[in-house]
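Undergrad: Compact mmCIF, C-alpha atoms, saved as entry-v4.txt, coming up:
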```txt
# COMPACT_ATOMS: atom_id res chain seq x y z
CA MET A 1 14.29 1.24 -16.69
CA PRO A 2 12.43 -1.21 -14.42
CA GLN A 3 9.64 0.18 -12.27
CA TYR A 4 8.65 -0.80 -8.74
CA ALA A 5 5.47 -0.17 -6.76
CA VAL A 6 6.09 0.80 -3.15
CA LEU A 7 3.10 0.31 -0.85
CA ILE A 8 3.23 2.51 2.24
CA HIS A 9 1.85 0.87 5.39
CA SER A 10 1.05 3.57 7.90
CA GLY A 11 1.95 3.27 11.55
CA GLY A 12 -0.22 6.30 12.17
CA THR A 13 2.48 8.73 13.27
CA GLY A 14 4.07 9.94 10.03
CA ALA A 15 3.93 13.65 9.22
CA VAL A 16 2.79 14.82 5.78
CA ALA A 17 5.69 17.29 5.65
CA ASP A 18 8.15 14.38 5.99
CA HIS A 19 6.51 12.59 3.06
CA ASP A 20 6.53 15.77 0.97
CA GLU A 21 10.26 16.22 1.60
CA TYR A 22 10.93 12.58 0.67
CA ALA A 23 8.92 13.04 -2.55
CA ARG A 24 10.95 16.15 -3.42
CA GLU A 25 14.16 14.11 -2.96
CA LEU A 26 12.86 11.37 -5.29
CA ILE A 27 11.78 13.95 -7.87
CA ALA A 28 15.21 15.60 -7.70
CA ASP A 29 17.08 12.32 -8.23
CA GLY A 30 14.72 11.27 -11.05
CA THR A 31 13.43 8.05 -9.48
CA LEU A 32 9.80 9.03 -8.74
CA ALA A 33 7.39 8.17 -11.56
CA ALA A 34 4.10 8.71 -9.65
CA ALA A 35 2.78 8.90 -6.09
CA PHE A 36 -0.69 8.64 -4.58
CA ALA A 37 -2.01 9.16 -1.05
CA LEU A 38 -5.05 7.08 -0.07
CA ALA A 39 -7.93 7.76 2.32
CA GLU A 40 -7.81 5.91 5.63
CA THR A 41 -11.00 3.98 4.93
CA ALA A 42 -11.76 1.51 2.17
CA THR A 43 -14.63 -0.49 0.78
CA SER A 44 -13.52 -4.07 0.28
CA ILE A 45 -15.11 -6.81 -1.81
CA ARG A 46 -14.19 -10.40 -0.99
CA ASP A 47 -16.12 -13.57 -1.69
CA GLY A 48 -19.08 -11.51 -2.86
CA GLN A 49 -19.25 -9.55 0.42
CA VAL A 50 -18.87 -5.78 0.49
CA THR A 51 -17.53 -4.31 3.73
CA ASP A 52 -16.24 -0.95 4.83
CA GLY A 53 -12.73 -1.27 6.11
CA PRO A 54 -9.93 -1.51 6.51
CA TYR A 55 -10.18 -5.03 7.83
CA ALA A 56 -10.18 -5.22 11.62
CA GLU A 57 -7.47 -7.90 11.66
CA THR A 58 -4.92 -5.56 10.10
CA LYS A 59 -2.84 -3.43 12.40
CA ASP A 60 -1.84 -0.96 9.72
CA VAL A 61 -3.40 0.71 6.72
CA VAL A 62 -2.11 1.12 3.18
CA ALA A 63 -1.77 4.90 3.30
CA GLY A 64 -0.50 5.32 -0.23
CA PHE A 65 1.80 4.03 -2.89
CA PHE A 66 4.34 5.33 -5.31
CA ILE A 67 6.02 4.10 -8.45
CA LEU A 68 9.76 4.45 -8.71
CA GLU A 69 12.28 3.69 -11.38
CA ALA A 70 15.43 1.85 -10.41
CA PRO A 71 17.92 -0.37 -12.21
CA ASP A 72 17.25 -3.34 -9.91
CA LEU A 73 15.36 -4.53 -6.84
CA ALA A 74 18.26 -3.87 -4.46
CA THR A 75 18.35 -0.21 -5.51
CA ALA A 76 14.54 0.05 -5.26
CA VAL A 77 14.66 -1.37 -1.73
CA ALA A 78 17.42 1.08 -0.74
CA ILE A 79 15.30 3.99 -2.02
CA ALA A 80 12.13 2.69 -0.32
CA GLU A 81 13.92 2.21 3.01
CA ARG A 82 14.30 6.00 3.20
CA ASN A 83 10.51 6.46 3.30
CA PRO A 84 9.59 8.40 6.48
CA GLU A 85 6.92 5.87 7.44
CA VAL A 86 9.68 3.33 8.16
CA ARG A 87 10.94 5.65 10.94
CA HIS A 88 7.43 6.30 12.28
CA GLY A 89 6.20 2.81 13.12
CA GLY A 90 4.95 1.83 9.68
CA GLY A 91 6.67 0.17 6.79
CA VAL A 92 6.87 -0.22 3.05
CA GLU A 93 6.50 -3.10 0.64
CA VAL A 94 8.39 -3.11 -2.67
CA ARG A 95 6.99 -5.01 -5.65
CA PRO A 96 8.37 -5.18 -9.19
CA ILE A 97 5.85 -3.98 -11.77
CA THR A 98 5.37 -6.65 -14.40
CA GLY A 99 2.87 -4.83 -16.60
CA ALA A 100 0.99 -1.55 -16.77
CA TYR A 101 -1.02 0.80 -18.91
CA THR A 102 -2.34 4.31 -18.41
CA VAL A 103 -5.72 5.30 -19.75
CA ARG A 104 -5.59 8.96 -18.74
CA ASP A 105 -3.52 11.28 -16.60
CA PRO A 106 -5.24 11.61 -13.19
CA GLY A 107 -3.61 14.98 -12.68
CA VAL A 108 -0.24 15.79 -11.22
CA LYS A 109 0.35 17.49 -7.91
CA SER A 110 3.82 18.13 -6.60
CA PRO A 111 4.66 18.69 -2.95
CA LYS A 112 4.80 22.37 -2.08
CA ASP A 113 8.30 23.82 -2.08
```
Show me the file's structure as structure tokens.

TA:
Amino acid sequence: MPQYAVLIHSGGTGAVADHDEYARELIADGTLAAAFALAETATSIRDGQVTDGPYAETKDVVAGFFILEAPDLATAVAIAERNPEVRHGGGVEVRPITGAYTVRDPGVKSPKD
């Protein structure tokens, strides 16, 4: 089944419990392949320059991403639209995955029941 990366752009007001509940829903319906939360800061490398970020010109931060399985882009978008960050001033970006490989399992953590 096709896979899609969903980048979560934080508006800064989303609650972790809301994201955990959403993840449980995706696990239950079999669409979640993986999910990762990211730290609020980043080290960026562009044009040979290393800076601590995120960049000042961005108004939101990529707070995390998840990989979902869906039969087509329209279904992936419908699933991603339910992400709590959409209701809390942030947003999501859906991208089809065109290639991937896994070197090792980084460990699996499920949201607490």

Undergrad: Would you mind reading off the distance between atom CA of Thr41 of chain A and atom CA of Ala78 of chain A, one decimal, in Å?

TA: 29.1 Å

Undergrad: Counting all atoms listed in the file, which residues come within 12 Å of (6.5, -3.7, -9.2), with the point read in the file's coordinates, and could you list them as a PyMOL selection string?

TA: chain A and resi 1-7+65-70+72-73+76-77+93-100

Undergrad: Nearest to Phe36 of chain A: which of A:Ala15, A:Glu21, A:Asp52, A:Gly64 is it, counting all atoms listed in the file?

TA: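 Residue with the minimum atom-to-atom distance to Phe36 of chain A: A:Gly64.
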
Undergrad: Restricting the calculation to all atoms listed in the file: of A:Arg82, A:Arg46, A:His88, A:His9, which residue gets closest to Ala23 of chain A?

TA: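 Going through A:Arg82, A:Arg46, A:His88, A:His9 one by one, the smallest distance to Ala23 of chain A is for A:Arg82.
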